[in-house]
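Coordinates from data.txt are shown below (compact mmCIF, C-alpha atoms and all ligand atoms).
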# COMPACT_ATOMS: atom_id res chain seq x y z
CA MET E 1455 -23.01 -11.16 30.32
CA SER E 1456 -25.05 -8.24 28.95
CA LEU E 1457 -27.28 -6.16 31.19
CA TYR E 1458 -30.65 -7.80 31.98
CA ALA E 1459 -29.62 -11.05 30.23
CA LYS E 1460 -31.31 -13.25 32.84
CA GLU E 1461 -34.45 -11.07 32.90
CA ARG E 1462 -34.59 -11.23 29.10
CA ALA E 1463 -34.31 -15.03 29.02
CA VAL E 1464 -36.90 -15.55 31.76
CA ALA E 1465 -39.33 -13.06 30.16
CA ILE E 1466 -39.01 -14.82 26.79
CA GLN E 1467 -39.76 -18.20 28.33
CA ALA E 1468 -42.71 -16.82 30.34
CA VAL E 1469 -44.26 -14.99 27.39
CA LEU E 1470 -43.80 -17.98 25.10
CA GLN E 1471 -45.56 -20.34 27.51
CA ALA E 1472 -48.34 -17.82 28.16
CA SER E 1473 -48.80 -17.35 24.40
CA LYS E 1474 -49.17 -21.12 24.08
CA VAL E 1475 -51.88 -21.20 26.74
CA CYS E 1476 -53.77 -18.49 24.82
CA GLN E 1477 -53.55 -20.53 21.62
CA SER E 1478 -54.74 -23.61 23.48
CA VAL E 1479 -57.71 -21.77 25.03
CA PHE E 1480 -58.71 -20.41 21.65
CA GLN E 1481 -58.67 -23.92 20.17
CA HIS E 1482 -60.52 -25.59 23.05
CA LEU E 1483 -63.07 -23.12 24.26
CA VAL E 1484 -65.92 -21.27 22.70
CA ALA E 1485 -66.28 -17.57 23.30
CA ASN E 1486 -69.25 -17.94 25.67
CA GLU E 1487 -66.96 -18.25 28.70
CA THR E 1488 -66.11 -14.55 28.39
CA LEU E 1489 -66.69 -12.39 31.46
CA THR E 1490 -67.27 -8.69 31.45
CA LYS E 1491 -65.45 -6.56 34.00
CA ASN E 1492 -66.78 -3.41 35.64
CA ASP E 1493 -65.20 -1.28 32.96
CA LYS E 1494 -67.10 -3.42 30.38
CA SER E 1495 -63.86 -4.76 28.93
CA PRO E 1496 -63.89 -8.50 28.24
CA VAL E 1497 -61.73 -11.01 30.08
CA THR E 1498 -61.38 -14.72 29.36
CA VAL E 1499 -59.99 -17.93 30.83
CA ALA E 1500 -56.90 -17.24 28.74
CA ASP E 1501 -56.25 -13.84 30.38
CA PHE E 1502 -56.22 -15.52 33.82
CA SER E 1503 -54.14 -18.51 32.71
CA ALA E 1504 -51.58 -16.36 30.95
CA GLN E 1505 -51.20 -14.12 34.02
CA ALA E 1506 -50.82 -17.19 36.28
CA ILE E 1507 -48.09 -18.62 34.04
CA VAL E 1508 -46.06 -15.45 33.62
CA ASN E 1509 -46.24 -14.58 37.32
CA THR E 1510 -45.18 -18.10 38.29
CA TYR E 1511 -42.08 -17.93 36.09
CA LEU E 1512 -41.24 -14.47 37.42
CA GLU E 1513 -41.67 -15.54 41.03
CA LYS E 1514 -39.33 -18.50 40.56
CA ALA E 1515 -36.57 -16.45 38.95
CA PHE E 1516 -37.01 -13.13 40.77
CA PRO E 1517 -38.90 -13.75 44.02
CA GLN E 1518 -38.35 -10.17 45.23
CA ASP E 1519 -39.75 -8.44 42.16
CA PRO E 1520 -43.29 -7.03 42.42
CA ILE E 1521 -45.64 -7.23 39.43
CA VAL E 1522 -48.25 -4.82 38.07
CA GLY E 1523 -50.63 -7.17 36.27
CA GLU E 1524 -53.92 -6.30 34.63
CA GLU E 1525 -56.04 -9.11 36.10
CA ASP E 1526 -56.90 -10.28 39.63
CA SER E 1527 -58.40 -13.51 40.94
CA LYS E 1528 -61.66 -12.11 42.32
CA ASP E 1529 -63.89 -13.77 39.71
CA LEU E 1530 -62.20 -17.14 40.22
CA ARG E 1531 -62.81 -17.37 43.97
CA GLY E 1532 -65.56 -18.99 46.05
CA ALA E 1533 -68.52 -21.05 44.84
CA GLU E 1534 -69.34 -18.56 42.10
CA GLY E 1535 -65.89 -18.79 40.61
CA LYS E 1536 -65.65 -22.60 40.74
CA ILE E 1537 -66.31 -23.41 37.08
CA LEU E 1538 -64.00 -20.70 35.82
CA ARG E 1539 -61.34 -21.65 38.39
CA GLU E 1540 -61.40 -25.28 37.29
CA LYS E 1541 -61.07 -24.30 33.64
CA VAL E 1542 -58.13 -22.00 34.36
CA HIS E 1543 -56.54 -24.75 36.47
CA SER E 1544 -56.75 -27.43 33.81
CA LEU E 1545 -55.75 -25.17 30.91
CA THR E 1546 -52.78 -23.72 32.78
CA ASN E 1547 -51.50 -27.16 33.78
CA GLY E 1548 -52.05 -28.38 30.24
CA ILE E 1549 -49.19 -26.12 29.16
CA LEU E 1550 -46.84 -26.47 32.16
CA GLN E 1551 -44.28 -29.32 32.44
CA ASP E 1552 -44.91 -32.11 34.99
CA ASN E 1553 -42.56 -30.53 37.53
CA GLU E 1554 -44.23 -27.10 37.13
CA LYS E 1555 -47.91 -28.03 37.71
CA LEU E 1556 -49.90 -25.67 39.99
CA SER E 1557 -52.73 -26.27 42.46
CA GLU E 1558 -55.86 -24.10 42.24
CA ASP E 1559 -54.61 -22.11 45.22
CA GLN E 1560 -51.21 -21.57 43.67
CA ILE E 1561 -52.90 -20.27 40.52
CA LEU E 1562 -54.98 -17.76 42.49
CA GLN E 1563 -51.92 -16.61 44.41
CA ALA E 1564 -49.87 -16.31 41.24
CA ILE E 1565 -52.54 -14.16 39.56
CA ASP E 1566 -52.71 -11.90 42.62
CA ARG E 1567 -48.95 -11.32 42.62
CA GLY E 1568 -49.94 -8.82 39.95
CA ASN E 1569 -51.50 -6.44 42.46
CA TYR E 1570 -48.49 -4.13 42.91
CA ALA E 1571 -49.21 -0.41 42.87
CA GLY E 1572 -46.18 0.51 40.72
CA GLY E 1573 -44.20 3.70 41.25
CA ALA E 1574 -40.88 5.44 40.78
CA GLN E 1575 -38.58 3.41 43.01
CA GLY E 1576 -36.80 0.14 42.35
CA ARG E 1577 -37.82 -2.48 39.85
CA HIS E 1578 -41.15 -4.04 38.95
CA TRP E 1579 -42.72 -5.89 36.07
CA ALA E 1580 -45.78 -4.78 34.08
CA LEU E 1581 -47.89 -7.53 32.57
CA ASP E 1582 -50.81 -7.53 30.17
CA PRO E 1583 -51.55 -11.26 29.93
CA ILE E 1584 -53.65 -10.67 26.82
CA ASP E 1585 -53.60 -7.23 25.32
CA GLY E 1586 -56.40 -6.95 22.80
CA THR E 1587 -58.83 -9.39 24.43
CA LYS E 1588 -61.38 -8.30 21.82
CA GLY E 1589 -58.93 -9.25 19.07
CA PHE E 1590 -58.30 -12.60 20.76
CA LEU E 1591 -62.05 -13.31 20.82
CA ARG E 1592 -62.50 -12.47 17.15
CA GLY E 1593 -59.51 -14.54 16.04
CA GLY E 1594 -57.56 -11.36 15.26
CA GLN E 1595 -54.45 -9.83 16.75
CA TYR E 1596 -53.58 -9.95 20.43
CA ALA E 1597 -50.33 -9.88 22.38
CA VAL E 1598 -48.91 -11.17 25.65
CA CYS E 1599 -46.98 -8.15 26.92
CA LEU E 1600 -44.35 -8.13 29.65
CA ALA E 1601 -42.00 -5.32 30.60
CA LEU E 1602 -39.42 -4.61 33.30
CA ILE E 1603 -39.55 -1.09 34.72
CA VAL E 1604 -36.58 0.14 36.77
CA ASP E 1605 -36.83 3.44 38.65
CA GLY E 1606 -39.77 4.44 36.45
CA VAL E 1607 -38.10 3.66 33.11
CA VAL E 1608 -38.91 0.64 30.92
CA GLN E 1609 -35.68 -1.33 30.44
CA LEU E 1610 -36.96 -4.56 28.87
CA GLY E 1611 -40.01 -5.48 26.82
CA VAL E 1612 -41.09 -8.86 25.50
CA MET E 1613 -44.25 -9.37 23.46
CA GLY E 1614 -45.75 -12.56 22.10
CA THR E 1615 -48.02 -12.19 19.07
CA PRO E 1616 -49.54 -15.61 18.30
CA ASN E 1617 -51.62 -14.49 15.30
CA LEU E 1618 -49.25 -12.03 13.67
CA PRO E 1619 -47.69 -13.39 10.45
CA ILE E 1620 -43.95 -13.77 10.98
CA ASN E 1621 -43.44 -11.95 7.72
CA ALA E 1622 -46.05 -9.34 6.77
CA SER E 1623 -45.39 -9.93 3.08
CA GLN E 1624 -46.56 -13.52 3.57
CA PRO E 1625 -49.90 -13.01 5.33
CA ASP E 1626 -50.84 -16.69 4.92
CA GLY E 1627 -47.45 -17.93 6.12
CA GLU E 1628 -46.34 -19.03 9.58
CA ARG E 1629 -47.70 -17.04 12.53
CA GLY E 1630 -46.46 -16.45 16.06
CA SER E 1631 -43.50 -14.25 16.99
CA LEU E 1632 -41.73 -12.84 19.99
CA PHE E 1633 -40.60 -9.22 19.92
CA VAL E 1634 -37.81 -8.43 22.37
CA ALA E 1635 -36.04 -5.20 23.29
CA VAL E 1636 -33.61 -4.23 26.04
CA ARG E 1637 -32.77 -0.53 26.33
CA GLY E 1638 -29.52 0.17 24.50
CA GLN E 1639 -29.36 -3.33 22.95
CA GLY E 1640 -31.64 -3.07 19.89
CA ALA E 1641 -34.99 -4.63 18.93
CA PHE E 1642 -35.41 -8.21 17.78
CA GLN E 1643 -38.01 -10.63 16.47
CA ARG E 1644 -37.97 -14.41 16.52
CA PRO E 1645 -40.61 -16.96 15.60
CA PHE E 1646 -42.18 -19.07 18.38
CA SER E 1647 -40.78 -22.09 16.54
CA GLN E 1648 -37.04 -21.27 16.74
CA GLU E 1649 -34.60 -19.34 18.91
CA GLN E 1650 -32.79 -17.50 16.12
CA GLU E 1651 -33.44 -13.74 16.52
CA THR E 1652 -33.50 -11.15 13.73
CA LYS E 1653 -32.84 -7.46 14.32
CA ILE E 1654 -35.79 -5.24 13.36
CA GLN E 1655 -36.09 -1.55 12.62
CA PHE E 1656 -38.52 1.05 11.35
CA ALA E 1657 -39.02 1.49 7.61
CA ASP E 1658 -36.75 4.17 6.28
CA ILE E 1659 -39.10 6.95 5.17
CA ASN E 1660 -38.59 10.68 5.39
CA ASP E 1661 -41.77 12.02 3.80
CA THR E 1662 -45.02 11.55 5.69
CA LYS E 1663 -47.07 11.28 2.52
CA ASN E 1664 -45.53 7.84 1.97
CA ALA E 1665 -46.49 6.66 5.46
CA THR E 1666 -49.12 4.17 6.59
CA PHE E 1667 -51.04 4.37 9.87
CA CYS E 1668 -51.51 1.37 12.11
CA GLU E 1669 -54.52 1.97 14.36
CA SER E 1670 -56.94 0.27 16.77
CA VAL E 1671 -59.87 -1.70 15.41
CA GLU E 1672 -61.92 -0.17 18.23
CA ALA E 1673 -62.87 3.45 17.55
CA GLY E 1674 -63.68 3.65 21.27
CA HIS E 1675 -59.98 3.14 22.10
CA SER E 1676 -58.60 5.68 19.62
CA SER E 1677 -60.51 8.18 17.52
CA HIS E 1678 -60.67 7.07 13.88
CA ASP E 1679 -62.14 10.44 12.90
CA ASP E 1680 -59.22 12.43 14.33
CA ALA E 1681 -56.81 9.93 12.74
CA SER E 1682 -58.25 10.53 9.29
CA LEU E 1683 -57.97 14.33 9.74
CA ILE E 1684 -54.34 13.89 10.79
CA ALA E 1685 -53.72 11.63 7.78
CA LYS E 1686 -55.02 14.40 5.52
CA GLU E 1687 -52.79 16.91 7.23
CA LEU E 1688 -49.77 14.65 6.56
CA GLY E 1689 -50.72 13.96 2.95
CA ILE E 1690 -51.31 10.27 3.64
CA THR E 1691 -53.51 8.49 1.11
CA ARG E 1692 -52.76 4.85 1.91
CA PRO E 1693 -55.45 3.06 3.90
CA SER E 1694 -54.77 2.51 7.60
CA ILE E 1695 -53.93 -0.96 8.84
CA ARG E 1696 -56.29 -1.77 11.70
CA MET E 1697 -55.43 -4.31 14.34
CA ASP E 1698 -56.00 -4.88 18.04
CA SER E 1699 -53.32 -4.83 20.73
CA GLN E 1700 -49.67 -3.82 21.05
CA ALA E 1701 -49.06 -5.87 17.88
CA LYS E 1702 -49.37 -2.33 16.43
CA TYR E 1703 -46.08 -1.37 18.09
CA CYS E 1704 -44.50 -4.56 16.69
CA SER E 1705 -45.81 -3.88 13.19
CA ILE E 1706 -44.40 -0.38 12.95
CA ALA E 1707 -41.14 -1.37 14.65
CA ARG E 1708 -40.44 -3.87 11.86
CA GLY E 1709 -41.63 -1.55 9.09
CA ASP E 1710 -45.02 -3.05 8.10
CA ALA E 1711 -46.54 0.40 8.75
CA ASP E 1712 -45.05 3.66 10.01
CA ILE E 1713 -47.22 5.52 12.51
CA TYR E 1714 -49.25 4.40 15.53
CA LEU E 1715 -51.57 6.99 17.05
CA ARG E 1716 -53.71 6.48 20.12
CA LEU E 1717 -55.98 9.51 20.14
CA PRO E 1718 -58.02 10.01 23.28
CA THR E 1719 -61.75 9.46 22.89
CA SER E 1720 -62.67 10.81 26.32
CA LYS E 1721 -61.22 13.19 28.90
CA THR E 1722 -61.66 10.66 31.69
CA TYR E 1723 -59.95 7.51 30.32
CA VAL E 1724 -56.45 7.00 31.68
CA GLU E 1725 -54.08 4.69 29.80
CA LYS E 1726 -52.68 1.68 31.73
CA ILE E 1727 -48.93 1.04 31.97
CA TRP E 1728 -49.32 -2.59 30.79
CA ASP E 1729 -50.92 -1.40 27.53
CA HIS E 1730 -47.75 0.50 26.53
CA ALA E 1731 -44.66 -0.50 28.54
CA SER E 1732 -43.25 -3.25 26.33
CA GLY E 1733 -44.14 -1.35 23.14
CA ASN E 1734 -42.42 1.76 24.46
CA VAL E 1735 -38.92 0.27 24.64
CA LEU E 1736 -39.42 -1.69 21.39
CA ILE E 1737 -40.12 1.55 19.51
CA THR E 1738 -37.04 3.35 20.80
CA GLU E 1739 -34.78 0.37 20.17
CA ALA E 1740 -36.08 -0.03 16.59
CA GLY E 1741 -35.15 3.57 15.73
CA GLY E 1742 -38.46 5.20 16.49
CA LYS E 1743 -39.73 7.90 18.81
CA VAL E 1744 -42.71 7.81 21.13
CA SER E 1745 -44.54 10.43 23.20
CA ASP E 1746 -48.03 11.36 24.26
CA VAL E 1747 -50.19 13.72 22.16
CA ASN E 1748 -48.58 16.69 23.94
CA GLY E 1749 -45.06 15.58 23.01
CA GLN E 1750 -44.28 14.44 26.57
CA SER E 1751 -42.49 11.13 27.25
CA LEU E 1752 -44.75 8.45 28.68
CA ASP E 1753 -44.21 8.49 32.44
CA PHE E 1754 -44.18 4.93 33.81
CA SER E 1755 -43.21 6.09 37.31
CA VAL E 1756 -46.59 7.21 38.63
CA GLY E 1757 -48.30 3.91 39.42
CA ARG E 1758 -50.51 1.50 37.48
CA THR E 1759 -51.67 4.14 35.02
CA LEU E 1760 -50.14 6.77 32.75
CA SER E 1761 -51.97 9.49 34.65
CA LYS E 1762 -49.51 12.21 33.59
CA ASN E 1763 -50.04 11.51 29.87
CA SER E 1764 -52.74 11.67 27.26
CA GLY E 1765 -52.78 9.34 24.23
CA VAL E 1766 -49.72 8.03 22.38
CA ILE E 1767 -47.82 8.88 19.19
CA ALA E 1768 -45.17 6.49 17.86
CA SER E 1769 -43.32 6.63 14.56
CA ASN E 1770 -40.02 6.51 12.77
CA ALA E 1771 -37.75 9.15 14.37
CA THR E 1772 -37.28 11.02 11.06
CA ILE E 1773 -40.95 11.92 10.59
CA PHE E 1774 -41.86 12.13 14.28
CA ASP E 1775 -41.85 15.93 14.61
CA SER E 1776 -44.11 16.34 11.58
CA VAL E 1777 -46.52 13.75 12.96
CA LEU E 1778 -46.60 15.43 16.37
CA ALA E 1779 -47.27 18.83 14.77
CA ALA E 1780 -50.17 17.41 12.72
CA VAL E 1781 -51.66 15.70 15.77
CA GLN E 1782 -51.50 18.91 17.77
CA LYS E 1783 -53.02 20.96 14.96
CA VAL E 1784 -55.99 18.59 14.60
CA LEU E 1785 -56.59 18.06 18.33
CA LYS E 1786 -56.53 21.83 18.99
CA ASN E 1787 -59.48 22.34 16.63
N1 LIG E 1801 -61.70 4.08 26.30
C1 LIG E 1801 -60.52 3.52 26.08
N2 LIG E 1801 -59.51 4.26 25.52
C2 LIG E 1801 -58.31 3.71 25.29
N3 LIG E 1801 -58.00 2.41 25.61
C3 LIG E 1801 -58.95 1.64 26.17
C4 LIG E 1801 -60.25 2.15 26.44
N4 LIG E 1801 -60.97 1.15 27.01
C5 LIG E 1801 -60.16 0.06 27.10
N5 LIG E 1801 -58.94 0.37 26.60
C6 LIG E 1801 -57.74 -0.46 26.52
O1 LIG E 1801 -57.50 -0.78 25.16
C7 LIG E 1801 -56.76 -1.98 25.15
C8 LIG E 1801 -56.77 -2.56 23.77
O2 LIG E 1801 -56.27 -1.61 22.88
P1 LIG E 1801 -56.33 -1.76 21.31
O3 LIG E 1801 -57.53 -1.04 20.83
O4 LIG E 1801 -55.07 -1.10 20.87
O5 LIG E 1801 -56.37 -3.22 21.00
C9 LIG E 1801 -57.42 -2.81 26.20
O6 LIG E 1801 -56.50 -3.74 26.66
P2 LIG E 1801 -57.01 -5.24 27.02
O7 LIG E 1801 -57.49 -5.87 25.77
O8 LIG E 1801 -55.75 -5.82 27.56
O9 LIG E 1801 -58.07 -5.09 28.06
C10 LIG E 1801 -57.82 -1.77 27.27
O10 LIG E 1801 -56.91 -1.72 28.35
MG MG E 1802 -58.55 -5.72 29.71
MG MG E 1803 -54.34 -4.26 27.29
MG MG E 1804 -55.38 -7.39 28.76

Let's see the structure in the file written out as C-alpha cells.
Amino acid sequence: MSLYAKERAVAIQAVLQASKVCQSVFQHLVANETLTKNDKSPVTVADFSAQAIVNTYLEKAFPQDPIVGEEDSKDLRGAEGKILREKVHSLTNGILQDNEKLSEDQILQAIDRGNYAGGAQGRHWALDPIDGTKGFLRGGQYAVCLALIVDGVVQLGVMGTPNLPINASQPDGERGSLFVAVRGQGAFQRPFSQEQETKIQFADINDTKNATFCESVEAGHSSHDDASLIAKELGITRPSIRMDSQAKYCSIARGDADIYLRLPTSKTYVEKIWDHASGNVLITEAGGKVSDVNGQSLDFSVGRTLSKNSGVIASNATIFDSVLAAVQKVLKN
C-alpha cells in the first residue's frame, strides 16, 4: 500500500461529504444567517457544518491526530447560539448516513477538535471548512481544504471545489471536483460524481509574457495594484482570472492559468496555515514551485499561522524565478 493511502481515502470521503453539506446549505438557506467574526470575516452555517463533518470522519479514522481548524463552536453555544446550533445540527445530519448522525453536543465537540495549536512535531491536520466564505455567499468559488502536516511539512492535501467547472474549457458544464495530492505521488483531479482520477499538471509555458494570473476577487486579501505592476514587468497582457479561495491553486495546477500571487496588503496580517496547506502540496506535485514573496518556503511548522512568511507566489517551475524577481522588484519600490 502506498504511503498515506488510508489518510488519502479518509480525507477524500470527509471533504466530499463536507462539500455536499456546503451545497445543501447554499440551496436551503438565504445569506442572512451569516455571522461576522471579530476579524470581520464572514462565517456561515455551512462553515460550522463542514468543520463538524470533516472532524468527525478524522476522529473516527485517526483518533490520536490533532486538528488545526479555522472555526470554533463559541457562537453555537448557550441560549444565544440556539438557532444557529439547531440549523447546523439539522443540516449536518441531513448529509450524514443513519448510522453516522450526531447530537448537538457531538457537533460542538467535533468542531472544537479543531483547536490544536499546530507546531513542528508529529502529525496534525489543517482544515479550512470553507475557504472563500465570501465566494460561497456570492455563488462563486469556494473550497473545502484539508491537509495532513507531518513534522511541519505538508504531506497530503485534498480540496473540494463545488462550483469549479470540471473542465475550464466547458464553463457551463458539470461542476464539482476533488483535487488530491500526496507528496511524491503526483497531483490528481476527480469529479464529485465518479471515483476515476486524472493526473493534472501545470501548463507548459516558458515565457512569462504568455502567462495568465489567477488572483483574489478581494483586493483586501491581495493587492491588485501591485499585481498589475508585476504583470507589466513580466510582459503579461492577458486579463487576470479572479476567483475566491484555494480554487486558485487548483486552477493553476491544472493549467487554466499560470501564476497565483498573494501580495500582502498590510504589514500586520499573518496568513493562516489552513488557507495554504492543501494548495502547497498540490502545486509541488503538479510541477510547480511555491514560496513567499521573499523566496522562502512556506513554513507550516510554527503554529496556526505562517508567521515566518509574507504573501505567496506559486507558478509553473520553469517561469518561477522570473516571477519571483518581478515580485521583488515591484515590492521594493
Ligand atoms: N487582510 C487579509 N489578507 C490576506 N488574506 C486574508 C485577509 N483577511 C482575510 N483573509 C483570508 O483570505 C481568505 C480568502 O482568500 P481569497 O481572497 O483567496 O479567497 C479567507 O479565508 P476564509 O474565507 O476561509 O475566511 C481569510 O482567511
Ligand atoms: Mg474565515
Ligand atoms: Mg480560508
Ligand atoms: Mg474558511

Smallest atom-to-atom distance to ligand MG 1802 (chain E): which of E:Ser1478, E:Ser1699, E:Thr1691, E:Ser1527, using only C-alpha atoms and all ligand atoms?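 With only C-alpha atoms and all ligand atoms as the atom set, the closest residue is E:Ser1699.
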
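Picture a line from CA of Tyr1714 (chain E) to CA of Arg1637 (chain E); it runs 20.3 Å.
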
State, in Å with one decimal place, the distance from CA of Ala1564 (chain E) to CA of His1578 (chain E). 15.2 Å

Just want the residues within 9 Å of ligand MG 1803 (chain E), written as a list in words, counting only C-alpha atoms and all ligand atoms.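 These are the residues that qualify: Glu1524, Leu1581, Asp1582, Pro1583, Ile1584, Asp1585, Gly1586, Thr1587, Tyr1596, Ala1597, Val1598, Cys1599, Ser1699, Gln1700, Lys1726, Ile1727, Trp1728, Asp1729 and His1730 of chain E.
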
Name all residues at most 6 Å from region 1661-1678 of chain E (count only C-alpha atoms; drop same-chain ones fewer than 5 positions away) and give them as a PyMOL selection string. chain E and resi 1688-1690+1692+1694-1698+1711-1714+1716-1719

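If you count all atoms listed in the file and draw a sphere of 9 Å around (-53.3, -15.9, 36.3), the protein and nucleic acid residues inside it come out as Val1499, Ala1500, Asp1501, Phe1502, Ser1503, Ala1504, Gln1505, Ala1506, Ile1507, Val1508, Asn1509, Thr1510, Glu1525, Asp1526, Ser1527, Val1542, Thr1546, Ile1561, Leu1562, Gln1563, Ala1564, Ile1565, Asp1566, Arg1567, Gly1568 and Pro1583 of chain E.
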
Output C-alpha atoms for every residue in the selection just made, as a PDB file, keeping the file's coordinate frame.
ATOM      1  CA  VAL E1499     -59.990 -17.930  30.830  1.00  0.00           C
ATOM      2  CA  ALA E1500     -56.900 -17.240  28.740  1.00  0.00           C
ATOM      3  CA  ASP E1501     -56.250 -13.840  30.380  1.00  0.00           C
ATOM      4  CA  PHE E1502     -56.220 -15.520  33.820  1.00  0.00           C
ATOM      5  CA  SER E1503     -54.140 -18.510  32.710  1.00  0.00           C
ATOM      6  CA  ALA E1504     -51.580 -16.360  30.950  1.00  0.00           C
ATOM      7  CA  GLN E1505     -51.200 -14.120  34.020  1.00  0.00           C
ATOM      8  CA  ALA E1506     -50.820 -17.190  36.280  1.00  0.00           C
ATOM      9  CA  ILE E1507     -48.090 -18.620  34.040  1.00  0.00           C
ATOM     10  CA  VAL E1508     -46.060 -15.450  33.620  1.00  0.00           C
ATOM     11  CA  ASN E1509     -46.240 -14.580  37.320  1.00  0.00           C
ATOM     12  CA  THR E1510     -45.180 -18.100  38.290  1.00  0.00           C
ATOM     13  CA  GLU E1525     -56.040  -9.110  36.100  1.00  0.00           C
ATOM     14  CA  ASP E1526     -56.900 -10.280  39.630  1.00  0.00           C
ATOM     15  CA  SER E1527     -58.400 -13.510  40.940  1.00  0.00           C
ATOM     16  CA  VAL E1542     -58.130 -22.000  34.360  1.00  0.00           C
ATOM     17  CA  THR E1546     -52.780 -23.720  32.780  1.00  0.00           C
ATOM     18  CA  ILE E1561     -52.900 -20.270  40.520  1.00  0.00           C
ATOM     19  CA  LEU E1562     -54.980 -17.760  42.490  1.00  0.00           C
ATOM     20  CA  GLN E1563     -51.920 -16.610  44.410  1.00  0.00           C
ATOM     21  CA  ALA E1564     -49.870 -16.310  41.240  1.00  0.00           C
ATOM     22  CA  ILE E1565     -52.540 -14.160  39.560  1.00  0.00           C
ATOM     23  CA  ASP E1566     -52.710 -11.900  42.620  1.00  0.00           C
ATOM     24  CA  ARG E1567     -48.950 -11.320  42.620  1.00  0.00           C
ATOM     25  CA  GLY E1568     -49.940  -8.820  39.950  1.00  0.00           C
ATOM     26  CA  PRO E1583     -51.550 -11.260  29.930  1.00  0.00           C
TER      27      PRO E1583
END
